[in-house]
Structures are given as C-alpha cells and as structure tokens.
Amino acid sequence: MADNKGLRINEQIRVREIRLIDDKGEQKGIVPIIEALKMAKERELDLVEVSPTANPPVCKILDFGKYRFEQEKRLRESKKNQKVLKLKEVRMQPKIGPGDLDTKAKHVQEFLNEGNKVKVTIRFRGRELAHTELGFDVLKEVQKRLTEGTYAIEKAPAMEGRFMSMTLGSKAKN
C-alpha cells in the first residue's frame with residue numbers, strides 16, 4: 001500500500017459503487033465494484049481509484065505500472081524546470097577598507113550573476129551603534145560598485161538589532 005503512493009488499486013477499493021472510466025477514457029457511469037473489477041481483469045489491467053474523495057469515488061481501468069511510471073516522469077520533469085533560489089549573505093563592518101569593499105562587492109556581483117539573492121549585512125559592535133549612518137554609507141558604496149541594471153533592491157537598508165542589512169535580487173536570470 002505504501003508503495004502505491006496512497007492510491008488504492010483492485011481489491012483495496014472498499015466501496016459498493018464507483019464512477020468508472022474505462023481504458024479508452026470513456027465514462028461508463030456508476031458501476032458496482034464487482035463488475036468494474038471483472039472488466040479490469042478481462043482486459044488484464046488494474047482498477048485504480050483516481051479520485052477517492054468524490055461521491056461515488058472515481059476509478060479508472062489502466063495499467064498501474066505504466067500509470068505510476070508516467071506520474072513519476074511528470075514529477076521529474078516539473079522538478080527539472082524549477083530553479084532553486086538561494087539567499088547568500090555577505091557580512092562586513094562599518095570600518096571596512098576600500099580594497100576589502102571592492103572584494104566584497106565583487107562577491108555580491110558574482111552571486112547576483114548566478115541568479116541568487118544576496119543579503120548584505122553590516123555588523124555594529126560597541127560604540128559603532130552610535131554611528132549607524134556609516135553603515136548606510138557602506139551599503140550605498142556597495143550598490144555603486146555593482147554593475148548597473150543587474151540587480152534590484154528587494155529590501156531597503158534597515159536596522160535589525162545590532163545589524164543593518166539590505167537584500168538584493170538578481171535581474172539577470174529572471
């Protein structure tokens with residue numbers, strides 16, 4: 001039963017009557033379960049409950065192995081077309097030097113080019129919290145060093161406790 005992914009087949013279907021769809025896709029109406037099982041056996045196919053919540057449940061006559069293979073194939077295709085977005089984080093301090101800032105900005109640009117989102121975070125320690133405007137300046141400088149038009153600001157610079165951060169999204173792969 002666990003192997004069938006929650007679908008009931010043949011004798012596992014425990015209702016008196018079902019709405020039947022035959023192997024050619026034609027509606028046969030409401031049929032007693034015994035008759036439907038007999039039709040499936042004559043055609044050497046399975047009776048599969050495709051909509052158990054309907055009243056009466058809807059069942060199809062089909063080759064269950066082939067049906068399950070098609071379902072898994074569709075699932076693989078849909079997974080292949082999905083792009084997993086990752087949120088990368090680049091951390092720095094308000095007293096960052098110009099060379100280090102260049103390096104960090106280059107990393108941010110690489111992440112954006114790969115199609116990821118990037119969270120740029122400034123960490124304030126001790127008395128640095130009194131000068132949060134330095135953090136804004138650093139974040140603005142990071143934006144200046146990025147290639148124009150390759151990113152969009154998804155979350156503007158804002159304070160979150162001892163951290164100031166902004167989130168950038170990629171425009172390149174959208």
# chains A, B, ... in the order shown; residues from 1 in each chain; ligands from 1

call {"tool": "residues_around", "arguments": {"residues": "Val120 of chain A", "least_positions_apart": "4", "cutoff": "6 Å", "atoms": "only C-alpha atoms", "output": "list in words"}}
result
Glu89, Val90, Ser165 and Met166 of chain A

call {"tool": "residues_around", "arguments": {"residues": "Thr147 of chain A", "least_positions_apart": "4", "cutoff": "12 Å", "atoms": "only C-alpha atoms", "output": "PyMOL selection string"}}
result
chain A and resi 105-106+108-110+112-113+142-143+151-152+170-172

call {"tool": "write_last_selection", "arguments": {"atoms": "N, CA and C atoms", "output": "PDB file, in the first residue's frame"}}
result
ATOM      1  N   ALA A 105      32.116  43.542  -2.789  1.00  0.00           N
ATOM      2  CA  ALA A 105      31.200  43.938  -3.859  1.00  0.00           C
ATOM      3  C   ALA A 105      31.314  42.981  -5.045  1.00  0.00           C
ATOM      4  N   LYS A 106      32.542  42.511  -5.309  1.00  0.00           N
ATOM      5  CA  LYS A 106      32.757  41.556  -6.398  1.00  0.00           C
ATOM      6  C   LYS A 106      32.039  40.238  -6.098  1.00  0.00           C
ATOM      7  N   VAL A 108      29.376  39.894  -4.168  1.00  0.00           N
ATOM      8  CA  VAL A 108      27.937  40.168  -4.297  1.00  0.00           C
ATOM      9  C   VAL A 108      27.548  40.097  -5.773  1.00  0.00           C
ATOM     10  N   GLN A 109      28.355  40.708  -6.653  1.00  0.00           N
ATOM     11  CA  GLN A 109      28.071  40.710  -8.091  1.00  0.00           C
ATOM     12  C   GLN A 109      28.072  39.286  -8.647  1.00  0.00           C
ATOM     13  N   GLU A 110      29.017  38.456  -8.203  1.00  0.00           N
ATOM     14  CA  GLU A 110      29.072  37.061  -8.663  1.00  0.00           C
ATOM     15  C   GLU A 110      27.812  36.301  -8.256  1.00  0.00           C
ATOM     16  N   LEU A 112      24.862  37.529  -7.617  1.00  0.00           N
ATOM     17  CA  LEU A 112      23.740  38.050  -8.398  1.00  0.00           C
ATOM     18  C   LEU A 112      23.770  37.497  -9.824  1.00  0.00           C
ATOM     19  N   ASN A 113      24.956  37.390 -10.420  1.00  0.00           N
ATOM     20  CA  ASN A 113      25.081  36.852 -11.775  1.00  0.00           C
ATOM     21  C   ASN A 113      24.670  35.387 -11.853  1.00  0.00           C
ATOM     22  N   VAL A 142      28.460  49.860  -1.757  1.00  0.00           N
ATOM     23  CA  VAL A 142      28.360  48.531  -2.367  1.00  0.00           C
ATOM     24  C   VAL A 142      27.477  48.626  -3.613  1.00  0.00           C
ATOM     25  N   GLN A 143      26.341  49.331  -3.503  1.00  0.00           N
ATOM     26  CA  GLN A 143      25.439  49.487  -4.648  1.00  0.00           C
ATOM     27  C   GLN A 143      26.145  50.186  -5.811  1.00  0.00           C
ATOM     28  N   TYR A 151      20.770  44.198 -10.810  1.00  0.00           N
ATOM     29  CA  TYR A 151      20.163  43.872  -9.527  1.00  0.00           C
ATOM     30  C   TYR A 151      18.962  44.772  -9.247  1.00  0.00           C
ATOM     31  N   ALA A 152      18.137  44.300  -8.330  1.00  0.00           N
ATOM     32  CA  ALA A 152      17.006  45.090  -7.845  1.00  0.00           C
ATOM     33  C   ALA A 152      17.041  45.038  -6.327  1.00  0.00           C
ATOM     34  N   SER A 170      18.468  39.340  -8.172  1.00  0.00           N
ATOM     35  CA  SER A 170      19.060  39.368  -9.499  1.00  0.00           C
ATOM     36  C   SER A 170      18.018  39.717 -10.549  1.00  0.00           C
ATOM     37  N   LYS A 171      18.371  40.590 -11.477  1.00  0.00           N
ATOM     38  CA  LYS A 171      17.509  40.867 -12.631  1.00  0.00           C
ATOM     39  C   LYS A 171      17.963  40.061 -13.825  1.00  0.00           C
ATOM     40  N   ALA A 172      19.195  39.582 -13.790  1.00  0.00           N
ATOM     41  CA  ALA A 172      19.821  38.930 -14.940  1.00  0.00           C
ATOM     42  C   ALA A 172      19.105  37.637 -15.339  1.00  0.00           C
TER      43      ALA A 172
END

call {"tool": "residues_around", "arguments": {"residues": "Val118 of chain A", "least_positions_apart": "6", "cutoff": "6 Å", "atoms": "only C-alpha atoms", "output": "VMD selection string"}}
result
chain A and resid 87 to 89 167 to 168

call {"tool": "write_last_selection", "arguments": {"atoms": "N, CA, C and O atoms", "output": "mmCIF file, in the first residue's frame"}}
result
data_model
loop_
_atom_site.group_PDB
_atom_site.id
_atom_site.type_symbol
_atom_site.label_atom_id
_atom_site.label_comp_id
_atom_site.auth_asym_id
_atom_site.auth_seq_id
_atom_site.Cartn_x
_atom_site.Cartn_y
_atom_site.Cartn_z
ATOM 1 N N LEU A 87 19.597 32.243 -0.869
ATOM 2 C CA LEU A 87 19.888 33.549 -0.286
ATOM 3 C C LEU A 87 21.310 33.488 0.245
ATOM 4 O O LEU A 87 21.611 32.748 1.174
ATOM 5 N N LYS A 88 22.198 34.239 -0.400
ATOM 6 C CA LYS A 88 23.590 34.308 0.034
ATOM 7 C C LYS A 88 23.733 35.533 0.928
ATOM 8 O O LYS A 88 23.046 36.531 0.734
ATOM 9 N N GLU A 89 24.639 35.442 1.891
ATOM 10 C CA GLU A 89 24.841 36.582 2.790
ATOM 11 C C GLU A 89 26.307 37.021 2.736
ATOM 12 O O GLU A 89 27.212 36.188 2.764
ATOM 13 N N THR A 167 18.576 43.563 1.097
ATOM 14 C CA THR A 167 18.512 42.374 0.267
ATOM 15 C C THR A 167 18.443 42.782 -1.193
ATOM 16 O O THR A 167 17.627 43.642 -1.559
ATOM 17 N N LEU A 168 19.298 42.173 -1.995
ATOM 18 C CA LEU A 168 19.340 42.452 -3.431
ATOM 19 C C LEU A 168 18.919 41.200 -4.186
ATOM 20 O O LEU A 168 19.301 40.087 -3.819
#

call {"tool": "select_by_dssp", "arguments": {"residues": "chain A", "states": "strand (DSSP E or B)", "output": "NGL selection string"}}
result
:A and (9 or 17-21 or 27-32 or 46-51 or 58-62 or 87-92 or 117-123 or 151-160 or 163-170)

call {"tool": "atom_distance", "arguments": {"atom1": "atom CA of Ile61 of chain A", "atom2": "atom CA of Ile13 of chain A"}}
result
12.9 Å

call {"tool": "atom_distance", "arguments": {"atom1": "atom CA of Pro98 of chain A", "atom2": "atom CA of Asp137 of chain A"}}
result
12.5 Å

call {"tool": "residues_around", "arguments": {"residues": "Val84 of chain A", "least_positions_apart": "4", "cutoff": "10 Å", "atoms": "only C-alpha atoms", "output": "PyMOL selection string"}}
result
chain A and resi 79+115-116

call {"tool": "write_last_selection", "arguments": {"atoms": "N, CA, C and O atoms", "output": "mmCIF file, in the first residue's frame"}}
result
data_model
loop_
_atom_site.group_PDB
_atom_site.id
_atom_site.type_symbol
_atom_site.label_atom_id
_atom_site.label_comp_id
_atom_site.auth_asym_id
_atom_site.auth_seq_id
_atom_site.Cartn_x
_atom_site.Cartn_y
_atom_site.Cartn_z
ATOM 1 N N LYS A 79 10.326 18.986 -11.564
ATOM 2 C CA LYS A 79 11.454 19.320 -10.692
ATOM 3 C C LYS A 79 12.621 19.867 -11.500
ATOM 4 O O LYS A 79 13.341 20.749 -11.055
ATOM 5 N N GLY A 115 22.243 34.253 -10.262
ATOM 6 C CA GLY A 115 20.789 34.234 -10.112
ATOM 7 C C GLY A 115 20.327 34.122 -8.666
ATOM 8 O O GLY A 115 19.160 33.874 -8.408
ATOM 9 N N ASN A 116 21.232 34.280 -7.712
ATOM 10 C CA ASN A 116 20.866 34.185 -6.295
ATOM 11 C C ASN A 116 20.462 35.545 -5.736
ATOM 12 O O ASN A 116 20.795 36.579 -6.302
#

call {"tool": "select_by_dssp", "arguments": {"residues": "segment 13-158 of chain A", "states": "helix (DSSP H, G or I)", "output": "PyMOL selection string"}}
result
chain A and resi 33-42+64-80+98-113+126-145

call {"tool": "closest_residue", "arguments": {"among": "A:Phe64, A:Phe136, A:Phe124, A:Phe69", "to": "Asp46 of chain A", "atoms": "only C-alpha atoms"}}
result
A:Phe64

call {"tool": "closest_atom_pairs", "arguments": {"of": "segment 49-167 of chain A", "to": "segment 20-40 of chain A", "cutoff": "12 Å", "atoms": "only C-alpha atoms", "output": "Markdown table"}}
result
| residue | atom | partner | partner_atom | distance |
| --- | --- | --- | --- | --- |
| A:Glu49 | CA | A:Leu20 | CA | 9.4 |
| A:Val50 | CA | A:Ile21 | CA | 9.9 |
| A:Ser51 | CA | A:Leu20 | CA | 10.8 |
| A:Ala54 | CA | A:Leu20 | CA | 11.9 |
| A:Asn55 | CA | A:Ile30 | CA | 10.2 |
| A:Pro56 | CA | A:Ile30 | CA | 7.7 |
| A:Pro57 | CA | A:Leu20 | CA | 8.6 |
| A:Val58 | CA | A:Leu20 | CA | 6.1 |
| A:Cys59 | CA | A:Leu20 | CA | 5.2 |
| A:Lys60 | CA | A:Ile21 | CA | 4.7 |
| A:Ile61 | CA | A:Asp23 | CA | 5.0 |
| A:Leu62 | CA | A:Asp23 | CA | 5.4 |
| A:Asp63 | CA | A:Asp23 | CA | 8.6 |
| A:Phe64 | CA | A:Ala40 | CA | 11.2 |
| A:Tyr67 | CA | A:Asp23 | CA | 11.5 |

call {"tool": "write_last_selection", "arguments": {"atoms": "all heavy atoms", "output": "compact mmCIF listing (two decimals), in the first residue's frame"}}
result
# COMPACT_ATOMS: atom_id res chain seq x y z
N GLU A 49 -8.18 3.78 -8.14
CA GLU A 49 -9.01 4.85 -7.60
C GLU A 49 -8.25 6.17 -7.80
O GLU A 49 -7.25 6.42 -7.14
CB GLU A 49 -9.25 4.58 -6.12
CG GLU A 49 -10.27 5.47 -5.47
CD GLU A 49 -10.52 5.07 -4.03
OE1 GLU A 49 -9.56 4.81 -3.29
OE2 GLU A 49 -11.70 5.02 -3.65
N VAL A 50 -8.73 7.01 -8.74
CA VAL A 50 -8.02 8.25 -9.04
C VAL A 50 -8.56 9.43 -8.25
O VAL A 50 -7.86 10.42 -8.04
CB VAL A 50 -8.05 8.58 -10.56
CG1 VAL A 50 -7.17 7.60 -11.32
CG2 VAL A 50 -9.44 8.60 -11.11
N SER A 51 -9.81 9.37 -7.83
CA SER A 51 -10.39 10.46 -7.03
C SER A 51 -11.20 9.86 -5.88
O SER A 51 -12.41 9.69 -5.98
CB SER A 51 -11.26 11.35 -7.91
OG SER A 51 -11.81 12.39 -7.15
N ALA A 54 -14.35 11.89 -4.22
CA ALA A 54 -15.61 12.13 -4.94
C ALA A 54 -16.69 11.18 -4.41
O ALA A 54 -16.40 10.18 -3.76
CB ALA A 54 -15.40 11.91 -6.43
N ASN A 55 -17.93 11.51 -4.70
CA ASN A 55 -19.04 10.66 -4.23
C ASN A 55 -19.89 10.28 -5.42
O ASN A 55 -20.61 11.13 -5.93
CB ASN A 55 -19.86 11.41 -3.19
CG ASN A 55 -20.83 10.49 -2.46
OD1 ASN A 55 -20.78 9.28 -2.62
ND2 ASN A 55 -21.71 11.09 -1.68
N PRO A 56 -19.87 9.06 -5.91
CA PRO A 56 -19.02 7.94 -5.53
C PRO A 56 -17.59 8.14 -6.05
O PRO A 56 -17.38 8.93 -6.95
CB PRO A 56 -19.69 6.75 -6.23
CG PRO A 56 -20.36 7.33 -7.41
CD PRO A 56 -20.80 8.70 -7.01
N PRO A 57 -16.61 7.40 -5.49
CA PRO A 57 -15.21 7.56 -5.91
C PRO A 57 -15.05 7.26 -7.41
O PRO A 57 -15.73 6.42 -7.96
CB PRO A 57 -14.47 6.51 -5.08
CG PRO A 57 -15.35 6.20 -3.95
CD PRO A 57 -16.75 6.42 -4.42
N VAL A 58 -14.12 8.00 -8.04
CA VAL A 58 -13.86 7.81 -9.47
C VAL A 58 -12.71 6.83 -9.62
O VAL A 58 -11.66 6.99 -9.00
CB VAL A 58 -13.52 9.15 -10.15
CG1 VAL A 58 -13.22 8.95 -11.63
CG2 VAL A 58 -14.64 10.15 -9.97
N CYS A 59 -12.91 5.81 -10.47
CA CYS A 59 -11.88 4.81 -10.72
C CYS A 59 -11.66 4.68 -12.23
O CYS A 59 -12.58 4.85 -13.01
CB CYS A 59 -12.29 3.45 -10.16
SG CYS A 59 -12.43 3.45 -8.36
N LYS A 60 -10.41 4.35 -12.60
CA LYS A 60 -10.06 4.16 -14.00
C LYS A 60 -9.51 2.76 -14.19
O LYS A 60 -8.84 2.23 -13.30
CB LYS A 60 -8.97 5.15 -14.42
CG LYS A 60 -9.45 6.48 -14.87
CD LYS A 60 -8.28 7.30 -15.41
CE LYS A 60 -8.73 8.65 -15.88
NZ LYS A 60 -7.63 9.47 -16.38
N ILE A 61 -9.79 2.22 -15.37
CA ILE A 61 -9.17 0.94 -15.73
C ILE A 61 -7.92 1.30 -16.52
O ILE A 61 -8.01 1.97 -17.55
CB ILE A 61 -10.14 0.09 -16.59
CG1 ILE A 61 -11.35 -0.31 -15.75
CG2 ILE A 61 -9.42 -1.15 -17.12
CD1 ILE A 61 -12.41 -1.09 -16.51
N LEU A 62 -6.75 0.88 -15.99
CA LEU A 62 -5.49 1.18 -16.67
C LEU A 62 -4.39 0.26 -16.18
O LEU A 62 -4.57 -0.48 -15.23
CB LEU A 62 -5.10 2.65 -16.46
CG LEU A 62 -5.21 3.26 -15.05
CD1 LEU A 62 -4.05 2.87 -14.18
CD2 LEU A 62 -5.30 4.76 -15.17
N ASP A 63 -3.24 0.31 -16.85
CA ASP A 63 -2.07 -0.45 -16.44
C ASP A 63 -1.39 0.35 -15.33
O ASP A 63 -0.82 1.40 -15.58
CB ASP A 63 -1.14 -0.64 -17.64
CG ASP A 63 0.09 -1.47 -17.29
OD1 ASP A 63 0.31 -1.75 -16.09
OD2 ASP A 63 0.82 -1.83 -18.21
N PHE A 64 -1.47 -0.15 -14.09
CA PHE A 64 -0.99 0.62 -12.94
C PHE A 64 0.50 0.90 -13.01
O PHE A 64 0.95 2.00 -12.68
CB PHE A 64 -1.34 -0.09 -11.62
CG PHE A 64 -0.96 0.71 -10.41
CD1 PHE A 64 -1.62 1.89 -10.13
CD2 PHE A 64 0.07 0.31 -9.58
CE1 PHE A 64 -1.27 2.66 -9.02
CE2 PHE A 64 0.44 1.07 -8.48
CZ PHE A 64 -0.24 2.23 -8.21
N TYR A 67 1.01 3.69 -15.38
CA TYR A 67 0.44 4.91 -14.81
C TYR A 67 1.40 5.52 -13.79
O TYR A 67 1.68 6.71 -13.81
CB TYR A 67 -0.90 4.57 -14.15
CG TYR A 67 -1.55 5.69 -13.39
CD1 TYR A 67 -2.16 6.75 -14.06
CD2 TYR A 67 -1.58 5.69 -12.00
CE1 TYR A 67 -2.77 7.78 -13.36
CE2 TYR A 67 -2.19 6.71 -11.29
CZ TYR A 67 -2.78 7.74 -11.98
OH TYR A 67 -3.39 8.77 -11.29

call {"tool": "closest_residue", "arguments": {"among": "A:Thr103, A:Gln93, A:Thr53, A:Asn10", "to": "Arg145 of chain A", "atoms": "only C-alpha atoms"}}
result
A:Thr103

call {"tool": "residues_around", "arguments": {"residues": "Thr132 of chain A", "least_positions_apart": "4", "cutoff": "12 Å", "atoms": "only C-alpha atoms", "output": "mmCIF file with N, CA and C atoms, in the first residue's frame"}}
result
data_model
loop_
_atom_site.group_PDB
_atom_site.id
_atom_site.type_symbol
_atom_site.label_atom_id
_atom_site.label_comp_id
_atom_site.auth_asym_id
_atom_site.auth_seq_id
_atom_site.Cartn_x
_atom_site.Cartn_y
_atom_site.Cartn_z
ATOM 1 N N GLN A 93 31.833 45.132 8.179
ATOM 2 C CA GLN A 93 31.742 46.082 9.282
ATOM 3 C C GLN A 93 31.742 47.498 8.729
ATOM 4 N N PRO A 94 31.277 48.455 9.519
ATOM 5 C CA PRO A 94 31.236 49.831 9.014
ATOM 6 C C PRO A 94 32.620 50.413 8.725
ATOM 7 N N LYS A 95 33.686 49.894 9.376
ATOM 8 C CA LYS A 95 35.036 50.423 9.174
ATOM 9 C C LYS A 95 35.798 49.595 8.140
ATOM 10 N N ILE A 122 25.759 44.610 7.621
ATOM 11 C CA ILE A 122 26.794 45.355 8.333
ATOM 12 C C ILE A 122 26.603 45.062 9.820
ATOM 13 N N ARG A 123 27.681 44.617 10.493
ATOM 14 C CA ARG A 123 27.588 44.315 11.922
ATOM 15 C C ARG A 123 28.208 45.464 12.712
ATOM 16 N N PHE A 124 27.427 45.989 13.652
ATOM 17 C CA PHE A 124 27.909 47.074 14.512
ATOM 18 C C PHE A 124 28.324 46.491 15.848
ATOM 19 N N ARG A 125 29.506 46.924 16.355
ATOM 20 C CA ARG A 125 29.977 46.455 17.656
ATOM 21 C C ARG A 125 30.182 47.667 18.554
ATOM 22 N N GLY A 126 29.778 47.519 19.797
ATOM 23 C CA GLY A 126 30.029 48.549 20.809
ATOM 24 C C GLY A 126 29.534 49.931 20.425
ATOM 25 N N ARG A 127 30.447 50.899 20.435
ATOM 26 C CA ARG A 127 30.074 52.296 20.183
ATOM 27 C C ARG A 127 29.744 52.581 18.727
ATOM 28 N N GLU A 128 30.026 51.615 17.847
ATOM 29 C CA GLU A 128 29.692 51.799 16.431
ATOM 30 C C GLU A 128 28.192 52.007 16.243
ATOM 31 N N PHE A 136 24.916 52.930 6.464
ATOM 32 C CA PHE A 136 24.183 53.333 5.259
ATOM 33 C C PHE A 136 25.164 53.692 4.142
ATOM 34 N N ASP A 137 26.223 54.420 4.524
ATOM 35 C CA ASP A 137 27.219 54.836 3.526
ATOM 36 C C ASP A 137 27.893 53.619 2.879
ATOM 37 N N VAL A 138 28.222 52.595 3.702
ATOM 38 C CA VAL A 138 28.874 51.395 3.178
ATOM 39 C C VAL A 138 27.933 50.659 2.221
ATOM 40 N N LEU A 139 26.646 50.542 2.593
ATOM 41 C CA LEU A 139 25.689 49.852 1.727
ATOM 42 C C LEU A 139 25.497 50.611 0.411
ATOM 43 N N PRO A 157 17.906 49.201 2.893
ATOM 44 C CA PRO A 157 18.727 49.121 4.110
ATOM 45 C C PRO A 157 17.912 49.470 5.365
ATOM 46 N N ALA A 158 18.002 48.605 6.373
ATOM 47 C CA ALA A 158 17.255 48.818 7.620
ATOM 48 C C ALA A 158 18.001 48.176 8.777
ATOM 49 N N MET A 159 17.784 48.715 9.965
ATOM 50 C CA MET A 159 18.426 48.177 11.179
ATOM 51 C C MET A 159 17.626 46.985 11.708
ATOM 52 N N GLU A 160 18.348 45.961 12.142
ATOM 53 C CA GLU A 160 17.747 44.789 12.795
ATOM 54 C C GLU A 160 18.618 44.478 14.008
ATOM 55 N N GLY A 161 18.348 45.116 15.114
ATOM 56 C CA GLY A 161 19.174 44.934 16.311
ATOM 57 C C GLY A 161 20.548 45.564 16.109
ATOM 58 N N ARG A 162 21.615 44.752 16.211
ATOM 59 C CA ARG A 162 22.986 45.248 16.017
ATOM 60 C C ARG A 162 23.415 45.179 14.554
ATOM 61 N N PHE A 163 22.521 44.771 13.673
ATOM 62 C CA PHE A 163 22.857 44.599 12.269
ATOM 63 C C PHE A 163 22.046 45.554 11.402
ATOM 64 N N MET A 164 22.653 45.963 10.299
ATOM 65 C CA MET A 164 21.934 46.716 9.275
ATOM 66 C C MET A 164 22.061 45.874 8.011
ATOM 67 N N SER A 165 20.945 45.666 7.312
ATOM 68 C CA SER A 165 21.047 44.829 6.123
ATOM 69 C C SER A 165 20.117 45.312 5.026
#

call {"tool": "atom_distance", "arguments": {"atom1": "atom CA of Gln82 of chain A", "atom2": "atom CA of His107 of chain A"}}
result
24.5 Å

call {"tool": "closest_residue", "arguments": {"among": "A:Lys144, A:Lys155, A:Lys41, A:Arg8", "to": "Leu101 of chain A", "atoms": "only C-alpha atoms"}}
result
A:Lys144

call {"tool": "decode", "arguments": {"residues": "segment 14-23 of chain A", "atoms": "all heavy atoms", "output": "PDB file, in the first residue's frame"}}
result
ATOM      1  N   ARG A  14     -12.632  -0.277  -1.259  1.00  0.00           N
ATOM      2  CA  ARG A  14     -13.646  -0.849  -0.363  1.00  0.00           C
ATOM      3  C   ARG A  14     -14.947  -0.050  -0.384  1.00  0.00           C
ATOM      4  O   ARG A  14     -15.419   0.399   0.659  1.00  0.00           O
ATOM      5  CB  ARG A  14     -13.121  -0.881   1.078  1.00  0.00           C
ATOM      6  CG  ARG A  14     -11.879  -1.709   1.253  1.00  0.00           C
ATOM      7  CD  ARG A  14     -12.270  -3.088   1.706  1.00  0.00           C
ATOM      8  NE  ARG A  14     -11.093  -3.892   1.963  1.00  0.00           N
ATOM      9  CZ  ARG A  14     -10.914  -5.070   1.411  1.00  0.00           C
ATOM     10  NH1 ARG A  14     -11.796  -5.576   0.589  1.00  0.00           N
ATOM     11  NH2 ARG A  14      -9.833  -5.756   1.701  1.00  0.00           N
ATOM     12  N   VAL A  15     -15.536   0.147  -1.551  1.00  0.00           N
ATOM     13  CA  VAL A  15     -16.838   0.798  -1.646  1.00  0.00           C
ATOM     14  C   VAL A  15     -17.755  -0.098  -2.481  1.00  0.00           C
ATOM     15  O   VAL A  15     -17.291  -0.983  -3.191  1.00  0.00           O
ATOM     16  CB  VAL A  15     -16.740   2.207  -2.285  1.00  0.00           C
ATOM     17  CG1 VAL A  15     -16.074   3.181  -1.345  1.00  0.00           C
ATOM     18  CG2 VAL A  15     -16.041   2.171  -3.610  1.00  0.00           C
ATOM     19  N   ARG A  16     -19.052   0.169  -2.394  1.00  0.00           N
ATOM     20  CA  ARG A  16     -20.002  -0.672  -3.109  1.00  0.00           C
ATOM     21  C   ARG A  16     -20.092  -0.288  -4.589  1.00  0.00           C
ATOM     22  O   ARG A  16     -20.104  -1.141  -5.458  1.00  0.00           O
ATOM     23  CB  ARG A  16     -21.382  -0.554  -2.451  1.00  0.00           C
ATOM     24  CG  ARG A  16     -22.236  -1.771  -2.677  1.00  0.00           C
ATOM     25  CD  ARG A  16     -23.528  -1.706  -1.903  1.00  0.00           C
ATOM     26  NE  ARG A  16     -23.292  -1.992  -0.498  1.00  0.00           N
ATOM     27  CZ  ARG A  16     -23.981  -1.480   0.499  1.00  0.00           C
ATOM     28  NH1 ARG A  16     -24.962  -0.628   0.264  1.00  0.00           N
ATOM     29  NH2 ARG A  16     -23.711  -1.794   1.744  1.00  0.00           N
ATOM     30  N   GLU A  17     -20.128   1.043  -4.847  1.00  0.00           N
ATOM     31  CA  GLU A  17     -20.259   1.525  -6.220  1.00  0.00           C
ATOM     32  C   GLU A  17     -19.191   2.577  -6.519  1.00  0.00           C
ATOM     33  O   GLU A  17     -18.770   3.301  -5.623  1.00  0.00           O
ATOM     34  CB  GLU A  17     -21.638   2.170  -6.438  1.00  0.00           C
ATOM     35  CG  GLU A  17     -22.788   1.199  -6.378  1.00  0.00           C
ATOM     36  CD  GLU A  17     -24.119   1.892  -6.619  1.00  0.00           C
ATOM     37  OE1 GLU A  17     -24.251   3.083  -6.291  1.00  0.00           O
ATOM     38  OE2 GLU A  17     -25.025   1.235  -7.144  1.00  0.00           O
ATOM     39  N   ILE A  18     -18.810   2.639  -7.792  1.00  0.00           N
ATOM     40  CA  ILE A  18     -17.820   3.623  -8.221  1.00  0.00           C
ATOM     41  C   ILE A  18     -18.269   4.268  -9.524  1.00  0.00           C
ATOM     42  O   ILE A  18     -19.120   3.724 -10.239  1.00  0.00           O
ATOM     43  CB  ILE A  18     -16.433   2.973  -8.446  1.00  0.00           C
ATOM     44  CG1 ILE A  18     -16.529   1.853  -9.484  1.00  0.00           C
ATOM     45  CG2 ILE A  18     -15.842   2.487  -7.147  1.00  0.00           C
ATOM     46  CD1 ILE A  18     -15.204   1.438 -10.053  1.00  0.00           C
ATOM     47  N   ARG A  19     -17.697   5.443  -9.827  1.00  0.00           N
ATOM     48  CA  ARG A  19     -17.887   6.052 -11.154  1.00  0.00           C
ATOM     49  C   ARG A  19     -16.703   5.559 -11.972  1.00  0.00           C
ATOM     50  O   ARG A  19     -15.555   5.793 -11.617  1.00  0.00           O
ATOM     51  CB  ARG A  19     -17.887   7.567 -11.047  1.00  0.00           C
ATOM     52  CG  ARG A  19     -18.177   8.258 -12.365  1.00  0.00           C
ATOM     53  CD  ARG A  19     -18.355   9.745 -12.190  1.00  0.00           C
ATOM     54  NE  ARG A  19     -19.386  10.117 -11.239  1.00  0.00           N
ATOM     55  CZ  ARG A  19     -20.692  10.197 -11.514  1.00  0.00           C
ATOM     56  NH1 ARG A  19     -21.128   9.920 -12.715  1.00  0.00           N
ATOM     57  NH2 ARG A  19     -21.551  10.570 -10.588  1.00  0.00           N
ATOM     58  N   LEU A  20     -16.983   4.883 -13.082  1.00  0.00           N
ATOM     59  CA  LEU A  20     -15.952   4.175 -13.831  1.00  0.00           C
ATOM     60  C   LEU A  20     -15.580   4.894 -15.121  1.00  0.00           C
ATOM     61  O   LEU A  20     -16.445   5.361 -15.858  1.00  0.00           O
ATOM     62  CB  LEU A  20     -16.432   2.748 -14.154  1.00  0.00           C
ATOM     63  CG  LEU A  20     -15.443   1.857 -14.891  1.00  0.00           C
ATOM     64  CD1 LEU A  20     -14.232   1.568 -14.008  1.00  0.00           C
ATOM     65  CD2 LEU A  20     -16.099   0.556 -15.309  1.00  0.00           C
ATOM     66  N   ILE A  21     -14.273   4.955 -15.384  1.00  0.00           N
ATOM     67  CA  ILE A  21     -13.740   5.427 -16.657  1.00  0.00           C
ATOM     68  C   ILE A  21     -12.927   4.264 -17.202  1.00  0.00           C
ATOM     69  O   ILE A  21     -12.021   3.757 -16.534  1.00  0.00           O
ATOM     70  CB  ILE A  21     -12.837   6.671 -16.468  1.00  0.00           C
ATOM     71  CG1 ILE A  21     -13.637   7.790 -15.805  1.00  0.00           C
ATOM     72  CG2 ILE A  21     -12.260   7.120 -17.796  1.00  0.00           C
ATOM     73  CD1 ILE A  21     -12.810   8.959 -15.337  1.00  0.00           C
ATOM     74  N   ASP A  22     -13.265   3.802 -18.423  1.00  0.00           N
ATOM     75  CA  ASP A  22     -12.583   2.620 -18.952  1.00  0.00           C
ATOM     76  C   ASP A  22     -11.211   2.964 -19.528  1.00  0.00           C
ATOM     77  O   ASP A  22     -10.780   4.113 -19.504  1.00  0.00           O
ATOM     78  CB  ASP A  22     -13.464   1.879 -19.972  1.00  0.00           C
ATOM     79  CG  ASP A  22     -13.625   2.624 -21.284  1.00  0.00           C
ATOM     80  OD1 ASP A  22     -13.060   3.713 -21.432  1.00  0.00           O
ATOM     81  OD2 ASP A  22     -14.330   2.093 -22.167  1.00  0.00           O
ATOM     82  N   ASP A  23     -10.525   1.946 -20.071  1.00  0.00           N
ATOM     83  CA  ASP A  23      -9.153   2.123 -20.551  1.00  0.00           C
ATOM     84  C   ASP A  23      -9.054   3.016 -21.787  1.00  0.00           C
ATOM     85  O   ASP A  23      -7.970   3.465 -22.149  1.00  0.00           O
ATOM     86  CB  ASP A  23      -8.495   0.762 -20.812  1.00  0.00           C
ATOM     87  CG  ASP A  23      -9.311  -0.114 -21.747  1.00  0.00           C
ATOM     88  OD1 ASP A  23     -10.552  -0.013 -21.726  1.00  0.00           O
ATOM     89  OD2 ASP A  23      -8.704  -0.921 -22.480  1.00  0.00           O
TER      90      ASP A  23
END
